[in-house]
>>> print(open('my_file_13.cif').read())   # mmCIF, C-alpha atoms
data_protein
loop_
_atom_site.group_PDB
_atom_site.id
_atom_site.type_symbol
_atom_site.label_atom_id
_atom_site.label_comp_id
_atom_site.auth_asym_id
_atom_site.auth_seq_id
_atom_site.Cartn_x
_atom_site.Cartn_y
_atom_site.Cartn_z
ATOM 1 C CA MET Q 344 -12.465 -6.777 -2.327
ATOM 2 C CA ASN Q 345 -14.962 -4.810 -0.242
ATOM 3 C CA LEU Q 346 -13.396 -1.370 -0.176
ATOM 4 C CA ASN Q 347 -15.767 1.549 -0.601
ATOM 5 C CA LYS Q 348 -14.015 4.514 0.969
ATOM 6 C CA LEU Q 349 -10.599 5.872 1.907
ATOM 7 C CA THR Q 350 -10.718 4.698 5.516
ATOM 8 C CA ASP Q 351 -11.828 1.140 4.746
ATOM 9 C CA THR Q 352 -9.111 -1.263 5.775
ATOM 10 C CA PHE Q 353 -6.990 -4.233 4.895
ATOM 11 C CA VAL Q 354 -6.500 -6.590 7.837
ATOM 12 C CA LEU Q 355 -2.986 -7.778 8.642
ATOM 13 C CA SER Q 356 -2.205 -11.330 9.742
ATOM 14 C CA ASN Q 357 -2.209 -10.271 13.418
ATOM 15 C CA GLY Q 358 -5.612 -8.598 13.100
ATOM 16 C CA VAL Q 359 -4.385 -4.998 12.888
ATOM 17 C CA GLU Q 360 -6.433 -2.919 10.455
ATOM 18 C CA ILE Q 361 -4.675 -0.555 8.039
ATOM 19 C CA PRO Q 362 -6.459 2.105 5.919
ATOM 20 C CA CYS Q 363 -6.570 0.958 2.309
ATOM 21 C CA ILE Q 364 -4.803 3.977 0.750
ATOM 22 C CA GLY Q 365 -1.820 5.638 2.367
ATOM 23 C CA TYR Q 366 -0.196 9.006 1.783
ATOM 24 C CA GLY Q 367 3.434 8.560 0.744
ATOM 25 C CA THR Q 368 6.205 11.031 1.588
ATOM 26 C CA TRP Q 369 9.148 9.643 -0.389
ATOM 27 C CA GLN Q 370 11.056 12.534 -2.038
ATOM 28 C CA THR Q 371 8.993 15.095 -0.108
ATOM 29 C CA PRO Q 372 11.375 17.862 0.990
ATOM 30 C CA SER Q 373 11.827 18.285 4.722
ATOM 31 C CA GLY Q 374 10.618 21.403 6.481
ATOM 32 C CA ASP Q 375 7.431 23.300 5.710
ATOM 33 C CA VAL Q 376 6.731 21.311 2.521
ATOM 34 C CA ALA Q 377 6.568 17.958 4.320
ATOM 35 C CA ARG Q 378 4.689 19.340 7.316
ATOM 36 C CA ASP Q 379 2.107 21.209 5.251
ATOM 37 C CA SER Q 380 1.578 18.385 2.750
ATOM 38 C CA VAL Q 381 0.954 15.833 5.510
ATOM 39 C CA LYS Q 382 -1.527 18.171 7.192
ATOM 40 C CA ALA Q 383 -3.240 18.753 3.832
ATOM 41 C CA ALA Q 384 -3.433 15.002 3.221
ATOM 42 C CA ILE Q 385 -5.069 14.420 6.614
ATOM 43 C CA ASP Q 386 -7.426 17.339 5.958
ATOM 44 C CA ALA Q 387 -8.325 15.557 2.680
ATOM 45 C CA GLY Q 388 -9.289 12.428 4.613
ATOM 46 C CA TYR Q 389 -6.133 10.291 4.629
ATOM 47 C CA ARG Q 390 -5.598 8.417 7.884
ATOM 48 C CA HIS Q 391 -2.525 6.447 6.839
ATOM 49 C CA ILE Q 392 0.860 8.209 6.526
ATOM 50 C CA ASP Q 393 4.041 6.500 5.283
ATOM 51 C CA THR Q 394 7.559 7.841 5.823
ATOM 52 C CA ALA Q 395 11.085 6.508 6.490
ATOM 53 C CA PHE Q 396 14.175 7.371 8.505
ATOM 54 C CA ALA Q 397 16.094 7.771 5.228
ATOM 55 C CA TYR Q 398 13.633 10.308 3.815
ATOM 56 C CA GLY Q 399 14.896 12.863 6.320
ATOM 57 C CA ASN Q 400 11.392 14.190 6.970
ATOM 58 C CA GLU Q 401 10.151 12.230 10.003
ATOM 59 C CA VAL Q 402 10.178 15.314 12.233
ATOM 60 C CA ASP Q 403 8.110 17.296 9.739
ATOM 61 C CA VAL Q 404 5.722 14.392 9.147
ATOM 62 C CA GLY Q 405 5.142 14.219 12.890
ATOM 63 C CA GLU Q 406 4.519 17.963 13.047
ATOM 64 C CA GLY Q 407 2.056 17.728 10.153
ATOM 65 C CA ILE Q 408 0.115 14.995 11.935
ATOM 66 C CA LYS Q 409 -0.041 17.070 15.114
ATOM 67 C CA ALA Q 410 -1.072 20.197 13.192
ATOM 68 C CA SER Q 411 -4.006 18.300 11.692
ATOM 69 C CA GLY Q 412 -5.675 18.068 15.085
ATOM 70 C CA VAL Q 413 -6.606 14.423 14.452
ATOM 71 C CA ALA Q 414 -5.998 12.153 17.439
ATOM 72 C CA ARG Q 415 -2.881 9.966 17.301
ATOM 73 C CA LYS Q 416 -4.947 6.784 17.595
ATOM 74 C CA ASP Q 417 -6.829 7.715 14.427
ATOM 75 C CA VAL Q 418 -3.741 8.036 12.193
ATOM 76 C CA PHE Q 419 -1.881 4.920 11.058
ATOM 77 C CA ILE Q 420 1.844 5.788 10.977
ATOM 78 C CA THR Q 421 4.519 3.766 9.173
ATOM 79 C CA THR Q 422 8.248 4.416 9.078
ATOM 80 C CA LYS Q 423 11.238 2.339 7.977
ATOM 81 C CA HIS Q 424 14.595 1.252 9.357
ATOM 82 C CA TRP Q 425 17.616 2.290 7.283
ATOM 83 C CA ILE Q 426 20.436 0.061 6.036
ATOM 84 C CA THR Q 427 23.245 1.848 7.874
ATOM 85 C CA GLU Q 428 21.621 0.897 11.179
ATOM 86 C CA ARG Q 429 21.532 -2.884 10.760
ATOM 87 C CA GLY Q 430 22.126 -5.141 13.733
ATOM 88 C CA TYR Q 431 20.208 -5.767 16.952
ATOM 89 C CA GLN Q 432 21.125 -2.797 19.144
ATOM 90 C CA LYS Q 433 21.479 -0.284 16.306
ATOM 91 C CA THR Q 434 18.024 -1.278 15.096
ATOM 92 C CA ILE Q 435 16.510 -0.632 18.518
ATOM 93 C CA ASP Q 436 18.324 2.693 18.827
ATOM 94 C CA THR Q 437 17.165 3.806 15.373
ATOM 95 C CA PHE Q 438 13.597 2.812 16.155
ATOM 96 C CA GLU Q 439 13.699 4.961 19.279
ATOM 97 C CA ALA Q 440 15.127 7.839 17.223
ATOM 98 C CA SER Q 441 12.221 7.542 14.778
ATOM 99 C CA LEU Q 442 9.718 7.632 17.645
ATOM 100 C CA LYS Q 443 11.373 10.805 18.914
ATOM 101 C CA ASN Q 444 11.461 12.354 15.431
ATOM 102 C CA LEU Q 445 7.761 11.647 14.889
ATOM 103 C CA GLY Q 446 6.829 12.736 18.401
ATOM 104 C CA VAL Q 447 4.982 9.499 19.200
ATOM 105 C CA ASP Q 448 5.369 6.710 21.733
ATOM 106 C CA TYR Q 449 4.501 3.811 19.424
ATOM 107 C CA LEU Q 450 4.351 2.987 15.709
ATOM 108 C CA ASP Q 451 1.557 1.280 13.834
ATOM 109 C CA LEU Q 452 3.977 -0.343 11.368
ATOM 110 C CA TYR Q 453 7.775 -0.558 11.175
ATOM 111 C CA LEU Q 454 9.509 -1.916 8.066
ATOM 112 C CA VAL Q 455 13.025 -3.066 7.169
ATOM 113 C CA HIS Q 456 13.719 -0.669 4.286
ATOM 114 C CA TRP Q 457 16.017 -2.966 2.240
ATOM 115 C CA PRO Q 458 17.367 -6.471 2.873
ATOM 116 C CA CYS Q 459 21.067 -7.028 3.254
ATOM 117 C CA VAL Q 460 22.251 -9.111 0.279
ATOM 118 C CA GLU Q 461 25.081 -11.448 -0.588
ATOM 119 C CA LYS Q 462 27.042 -8.962 -2.691
ATOM 120 C CA VAL Q 463 27.304 -6.737 0.392
ATOM 121 C CA THR Q 464 28.480 -9.481 2.756
ATOM 122 C CA PRO Q 465 28.527 -13.289 2.745
ATOM 123 C CA ASP Q 466 26.925 -13.046 6.199
ATOM 124 C CA TRP Q 467 23.828 -11.325 4.796
ATOM 125 C CA LYS Q 468 21.448 -13.815 6.391
ATOM 126 C CA GLU Q 469 22.965 -13.241 9.826
ATOM 127 C CA VAL Q 470 22.865 -9.453 9.359
ATOM 128 C CA ASN Q 471 19.175 -9.637 8.456
ATOM 129 C CA ALA Q 472 18.556 -12.003 11.371
ATOM 130 C CA GLU Q 473 20.044 -9.619 13.932
ATOM 131 C CA THR Q 474 18.070 -6.696 12.512
ATOM 132 C CA TRP Q 475 14.846 -8.709 12.602
ATOM 133 C CA ARG Q 476 15.574 -9.794 16.175
ATOM 134 C CA GLY Q 477 15.482 -6.096 17.088
ATOM 135 C CA PHE Q 478 12.127 -5.739 15.325
ATOM 136 C CA GLU Q 479 10.711 -8.695 17.220
ATOM 137 C CA LYS Q 480 11.893 -7.250 20.546
ATOM 138 C CA MET Q 481 10.123 -3.950 19.902
ATOM 139 C CA TYR Q 482 6.976 -5.746 18.755
ATOM 140 C CA LYS Q 483 6.894 -8.004 21.809
ATOM 141 C CA ASP Q 484 7.503 -4.953 24.023
ATOM 142 C CA GLY Q 485 4.360 -3.351 22.579
ATOM 143 C CA LYS Q 486 6.113 -0.431 20.897
ATOM 144 C CA LEU Q 487 4.797 -1.281 17.439
ATOM 145 C CA ARG Q 488 1.500 -2.770 16.400
ATOM 146 C CA ALA Q 489 2.786 -4.529 13.269
ATOM 147 C CA LEU Q 490 6.126 -5.243 11.592
ATOM 148 C CA GLY Q 491 7.250 -6.027 8.083
ATOM 149 C CA VAL Q 492 9.772 -5.558 5.328
ATOM 150 C CA SER Q 493 10.262 -3.550 2.156
ATOM 151 C CA ASN Q 494 11.851 -4.505 -1.158
ATOM 152 C CA TYR Q 495 12.156 -8.170 -0.160
ATOM 153 C CA GLU Q 496 12.063 -10.946 -2.745
ATOM 154 C CA ALA Q 497 11.270 -14.624 -2.159
ATOM 155 C CA LYS Q 498 14.822 -15.645 -1.259
ATOM 156 C CA HIS Q 499 15.066 -12.935 1.398
ATOM 157 C CA LEU Q 500 11.731 -13.962 2.913
ATOM 158 C CA GLU Q 501 12.704 -17.638 2.838
ATOM 159 C CA ALA Q 502 15.969 -16.818 4.625
ATOM 160 C CA LEU Q 503 13.948 -14.921 7.233
ATOM 161 C CA ASP Q 504 11.887 -18.059 7.853
ATOM 162 C CA GLU Q 505 14.995 -19.778 9.223
ATOM 163 C CA PHE Q 506 15.088 -17.630 12.362
ATOM 164 C CA ALA Q 507 11.986 -15.434 12.657
ATOM 165 C CA THR Q 508 9.678 -16.083 15.599
ATOM 166 C CA VAL Q 509 7.277 -13.408 14.300
ATOM 167 C CA LYS Q 510 6.644 -13.464 10.563
ATOM 168 C CA PRO Q 511 6.586 -10.200 8.586
ATOM 169 C CA MET Q 512 3.064 -8.978 7.973
ATOM 170 C CA VAL Q 513 3.796 -6.552 5.125
ATOM 171 C CA ASN Q 514 6.116 -6.275 2.131
ATOM 172 C CA GLN Q 515 6.273 -2.802 0.593
ATOM 173 C CA ILE Q 516 7.590 -2.964 -2.981
ATOM 174 C CA GLU Q 517 7.681 -0.879 -6.134
ATOM 175 C CA PHE Q 518 4.398 -1.628 -7.902
ATOM 176 C CA HIS Q 519 2.720 0.172 -10.794
ATOM 177 C CA PRO Q 520 1.651 -0.497 -14.396
ATOM 178 C CA GLY Q 521 4.897 -1.184 -16.190
ATOM 179 C CA TYR Q 522 6.536 -2.780 -13.150
ATOM 180 C CA THR Q 523 4.291 -4.907 -10.960
ATOM 181 C CA GLN Q 524 6.669 -7.657 -9.740
ATOM 182 C CA TYR Q 525 3.493 -9.717 -9.902
ATOM 183 C CA ASP Q 526 5.136 -13.042 -9.071
ATOM 184 C CA ASN Q 527 6.442 -11.453 -5.882
ATOM 185 C CA VAL Q 528 2.989 -10.017 -5.134
ATOM 186 C CA LEU Q 529 1.372 -13.456 -5.397
ATOM 187 C CA TYR Q 530 4.170 -15.090 -3.408
ATOM 188 C CA CYS Q 531 3.677 -12.639 -0.536
ATOM 189 C CA GLN Q 532 -0.096 -12.844 -0.620
ATOM 190 C CA ASN Q 533 0.064 -16.641 -0.541
ATOM 191 C CA ARG Q 534 2.138 -16.277 2.648
ATOM 192 C CA GLY Q 535 -0.571 -14.133 4.229
ATOM 193 C CA MET Q 536 1.373 -10.881 3.805
ATOM 194 C CA LEU Q 537 -0.137 -7.589 2.706
ATOM 195 C CA VAL Q 538 1.694 -6.035 -0.249
ATOM 196 C CA GLN Q 539 2.015 -2.253 -0.307
ATOM 197 C CA ALA Q 540 2.885 -0.266 -3.428
ATOM 198 C CA TRP Q 541 5.528 2.413 -3.237
ATOM 199 C CA SER Q 542 5.618 4.597 -6.335
ATOM 200 C CA PRO Q 543 2.153 3.405 -7.488
ATOM 201 C CA LEU Q 544 2.250 6.147 -10.129
ATOM 202 C CA GLY Q 545 5.645 5.072 -11.448
ATOM 203 C CA SER Q 546 7.275 8.246 -10.068
ATOM 204 C CA GLY Q 547 5.034 10.100 -12.510
ATOM 205 C CA ALA Q 548 6.505 8.366 -15.556
ATOM 206 C CA VAL Q 549 3.307 6.454 -16.329
ATOM 207 C CA LEU Q 550 1.105 9.541 -16.419
ATOM 208 C CA LYS Q 551 1.976 10.456 -20.010
ATOM 209 C CA ASP Q 552 1.757 6.944 -21.438
ATOM 210 C CA GLU Q 553 -0.686 6.821 -24.371
ATOM 211 C CA THR Q 554 -2.021 3.354 -23.549
ATOM 212 C CA LEU Q 555 -2.733 4.286 -19.959
ATOM 213 C CA ASN Q 556 -4.302 7.596 -20.943
ATOM 214 C CA ALA Q 557 -6.636 5.818 -23.364
ATOM 215 C CA MET Q 558 -7.629 3.270 -20.735
ATOM 216 C CA ALA Q 559 -8.193 5.954 -18.098
ATOM 217 C CA ALA Q 560 -10.377 7.923 -20.515
ATOM 218 C CA LYS Q 561 -12.504 4.792 -21.035
ATOM 219 C CA TYR Q 562 -13.422 4.932 -17.343
ATOM 220 C CA GLY Q 563 -13.681 8.722 -17.176
ATOM 221 C CA LYS Q 564 -10.739 8.853 -14.783
ATOM 222 C CA SER Q 565 -7.174 10.194 -14.614
ATOM 223 C CA VAL Q 566 -4.200 7.886 -15.126
ATOM 224 C CA ALA Q 567 -3.337 8.363 -11.452
ATOM 225 C CA GLN Q 568 -6.801 7.211 -10.425
ATOM 226 C CA LEU Q 569 -6.516 4.228 -12.777
ATOM 227 C CA CYS Q 570 -3.172 3.214 -11.219
ATOM 228 C CA ILE Q 571 -4.472 3.523 -7.666
ATOM 229 C CA ARG Q 572 -7.606 1.540 -8.485
ATOM 230 C CA PHE Q 573 -5.478 -1.080 -10.242
ATOM 231 C CA ALA Q 574 -3.427 -1.604 -7.080
ATOM 232 C CA LEU Q 575 -6.555 -1.994 -4.966
ATOM 233 C CA GLN Q 576 -8.051 -4.527 -7.376
ATOM 234 C CA CYS Q 577 -4.829 -6.530 -7.079
ATOM 235 C CA ASP Q 578 -5.297 -6.456 -3.267
ATOM 236 C CA VAL Q 579 -2.244 -4.191 -3.044
ATOM 237 C CA LEU Q 580 -2.281 -1.116 -0.810
ATOM 238 C CA PRO Q 581 -1.146 1.979 -2.759
ATOM 239 C CA LEU Q 582 0.863 4.866 -1.272
ATOM 240 C CA PRO Q 583 0.414 7.732 -3.749
ATOM 241 C CA LYS Q 584 2.171 11.041 -3.187
ATOM 242 C CA SER Q 585 1.220 14.520 -4.319
ATOM 243 C CA LEU Q 586 2.062 17.948 -2.969
ATOM 244 C CA ASN Q 587 -1.031 19.404 -4.655
ATOM 245 C CA PRO Q 588 -4.064 19.372 -2.326
ATOM 246 C CA ALA Q 589 -6.515 19.039 -5.233
ATOM 247 C CA ARG Q 590 -4.646 15.991 -6.553
ATOM 248 C CA MET Q 591 -4.494 14.522 -3.052
ATOM 249 C CA VAL Q 592 -8.288 14.535 -3.080
ATOM 250 C CA GLN Q 593 -8.469 13.253 -6.663
ATOM 251 C CA ASN Q 594 -6.250 10.313 -5.717
ATOM 252 C CA THR Q 595 -8.891 9.212 -3.206
ATOM 253 C CA GLU Q 596 -11.760 9.255 -5.716
ATOM 254 C CA VAL Q 597 -11.277 5.676 -6.878
ATOM 255 C CA PHE Q 598 -14.196 3.849 -5.288
ATOM 256 C CA ASP Q 599 -16.853 4.658 -7.887
ATOM 257 C CA PHE Q 600 -15.544 2.517 -10.768
ATOM 258 C CA GLU Q 601 -14.083 -0.905 -11.422
ATOM 259 C CA ILE Q 602 -11.441 -1.879 -13.989
ATOM 260 C CA ASP Q 603 -12.610 -4.879 -15.994
ATOM 261 C CA LYS Q 604 -10.672 -8.145 -15.845
ATOM 262 C CA ASP Q 605 -9.154 -7.818 -19.329
ATOM 263 C CA ASP Q 606 -7.813 -4.364 -18.545
ATOM 264 C CA VAL Q 607 -6.381 -5.532 -15.202
ATOM 265 C CA LYS Q 608 -4.602 -8.327 -17.065
ATOM 266 C CA ALA Q 609 -3.281 -5.818 -19.622
ATOM 267 C CA LEU Q 610 -1.985 -3.571 -16.839
ATOM 268 C CA ILE Q 611 -0.207 -6.491 -15.170
ATOM 269 C CA GLU Q 612 1.414 -7.454 -18.467
ATOM 270 C CA MET Q 613 2.436 -3.951 -19.620
ATOM 271 C CA PRO Q 614 5.980 -3.548 -20.959
ATOM 272 C CA LEU Q 615 8.569 -2.051 -18.623
ATOM 273 C CA LEU Q 616 7.693 1.554 -17.792
ATOM 274 C CA GLY Q 617 8.581 3.873 -14.944
ATOM 275 C CA PHE Q 618 10.884 1.352 -13.208
ATOM 276 C CA THR Q 619 13.376 3.017 -10.839
ATOM 277 C CA GLY Q 620 16.001 0.362 -11.632
ATOM 278 C CA TRP Q 621 16.237 -0.594 -7.969
ATOM 279 C CA ARG Q 622 16.225 -4.203 -6.827
ATOM 280 C CA PRO Q 623 17.820 -5.573 -3.651
ATOM 281 C CA GLU Q 624 20.907 -6.782 -5.516
ATOM 282 C CA ASP Q 625 21.602 -3.542 -7.358
ATOM 283 C CA ALA Q 626 19.867 -0.674 -5.546
ATOM 284 C CA PRO Q 627 22.327 2.184 -4.993
ATOM 285 C CA ALA Q 628 21.067 2.425 -1.424
ATOM 286 C CA ASP Q 629 22.388 -1.042 -0.642
ATOM 287 C CA ALA Q 630 26.080 -0.207 -1.060
ATOM 288 C CA LEU Q 631 26.538 0.036 2.713
ATOM 289 C CA VAL Q 632 26.186 -2.505 5.488
ATOM 290 C CA ASN Q 633 26.684 -0.798 8.827
ATOM 291 C CA GLY Q 634 27.570 2.723 7.826
ATOM 292 C CA ASP Q 635 31.053 1.755 6.616
#
>>> encode(input="my_file_13.cif", output="structure tokens")
Amino acid sequence: MNLNKLTDTFVLSNGVEIPCIGYGTWQTPSGDVARDSVKAAIDAGYRHIDTAFAYGNEVDVGEGIKASGVARKDVFITTKHWITERGYQKTIDTFEASLKNLGVDYLDLYLVHWPCVEKVTPDWKEVNAETWRGFEKMYKDGKLRALGVSNYEAKHLEALDEFATVKPMVNQIEFHPGYTQYDNVLYCQNRGMLVQAWSPLGSGAVLKDETLNAMAAKYGKSVAQLCIRFALQCDVLPLPKSLNPARMVQNTEVFDFEIDKDDVKALIEMPLLGFTGWRPEDAPADALVNGD
């Protein structure tokens, strides 16, 4: 890993470069809070912003990016397709709606937010295929620079292999000490996919853990900094979120130390902590197929 600053990049399988730490906006309230926090993050040096149609804050994220004064080409923007909009044409329409919400004419990365699964419909593979066909159309039309998935496990990726003409370049999953899904991480990386970490701080649950606090103190860092550095050392791209400008900056100060191999191993093997309880088969969000 040769990452020395916030704007250093991972390189996707198609050659697109993506800044190594992103600013996440999950659970960021829409309106002034989302707009101002995104602007503050860009002011702090972030050049990678992650949102989603389902977060309800795309408009405000777009306004925050514009308010920063940083050129569009210098900000890497990711959003995600929601489960109620599955299917070829609905996927294309939703993508266009996200472009309009964000106030941009292309995306750097577009992700399938959750896979359709068998408990939702026996035709789950076909549903995913039609959605992905929409992604491929937009990619081939030059409206997005890279495409990928989120919350996919091996069986969902293997099913995608049956029909995809463009392979997903990214899998964004829940990843933090106490819930790394490390087998999935290695599986994706062995396929040439970049893994991104949503909730790299365990939705805040890990911050009070005594073991993590002791380890962070050993390196003279906060638990948040330890978690972000841990992701990077696992070749996983973290997407931390904070509404506090000082913490936004602190979350970028992770390039001046290295976690030793034994501690990385201990972090990978930590007991369950901070897990949302969401997997593709049981996530509350996956109760719907096409808005029914």
>>> closest_residue(input="my_file_13.cif", among="Q:Thr523, Q:Thr371, Q:Ser356, Q:Gln432", to="Val579 (chain Q)", atoms="all atoms listed in the file")
Q:Thr523
>>> closest_atom_pairs(input="my_file_13.cif", of="region 349-380 of chain Q", to="region 409-429 of chain Q", cutoff="10 Å", atoms="all atoms listed in the file", output="tab-separated table")
residue	atom	partner	partner_atom	distance
Q:Glu360	CA	Q:Phe419	CA	9.1
Q:Ile361	CA	Q:Phe419	CA	6.8
Q:Pro362	CA	Q:Phe419	CA	7.4
Q:Gly365	CA	Q:Phe419	CA	8.7
Q:Tyr366	CA	Q:Ile420	CA	10.0
Q:Gly367	CA	Q:Thr421	CA	9.8
Q:Arg378	CA	Q:Ala410	CA	8.3
Q:Asp379	CA	Q:Ala410	CA	8.6
>>> write_last_selection(input="my_file_13.cif", atoms="C-alpha atoms", output="mmCIF file, keeping the file's coordinate frame")
data_model
loop_
_atom_site.group_PDB
_atom_site.id
_atom_site.type_symbol
_atom_site.label_atom_id
_atom_site.label_comp_id
_atom_site.auth_asym_id
_atom_site.auth_seq_id
_atom_site.Cartn_x
_atom_site.Cartn_y
_atom_site.Cartn_z
ATOM 1 C CA GLU Q 360 -6.433 -2.919 10.455
ATOM 2 C CA ILE Q 361 -4.675 -0.555 8.039
ATOM 3 C CA PRO Q 362 -6.459 2.105 5.919
ATOM 4 C CA GLY Q 365 -1.820 5.638 2.367
ATOM 5 C CA TYR Q 366 -0.196 9.006 1.783
ATOM 6 C CA GLY Q 367 3.434 8.560 0.744
ATOM 7 C CA ARG Q 378 4.689 19.340 7.316
ATOM 8 C CA ASP Q 379 2.107 21.209 5.251
#
>>> closest_residue(input="my_file_13.cif", among="Q:Asp504, Q:Glu601, Q:Asp552, Q:Asp526", to="Leu575 (chain Q)", atoms="only C-alpha atoms")
Q:Glu601
>>> closest_residue(input="my_file_13.cif", among="Q:Glu469, Q:Asp403, Q:Asp484, Q:Asp351", to="Ser373 (chain Q)", atoms="only C-alpha atoms")
Q:Asp403
>>> resolve_selection(input="my_file_13.cif", expression="the PyMOL selection byres ((chain Q and resi 584) around 8)", output="VMD selection string")
chain Q and resid 366 to 369 542 582 to 583 585 to 586 591
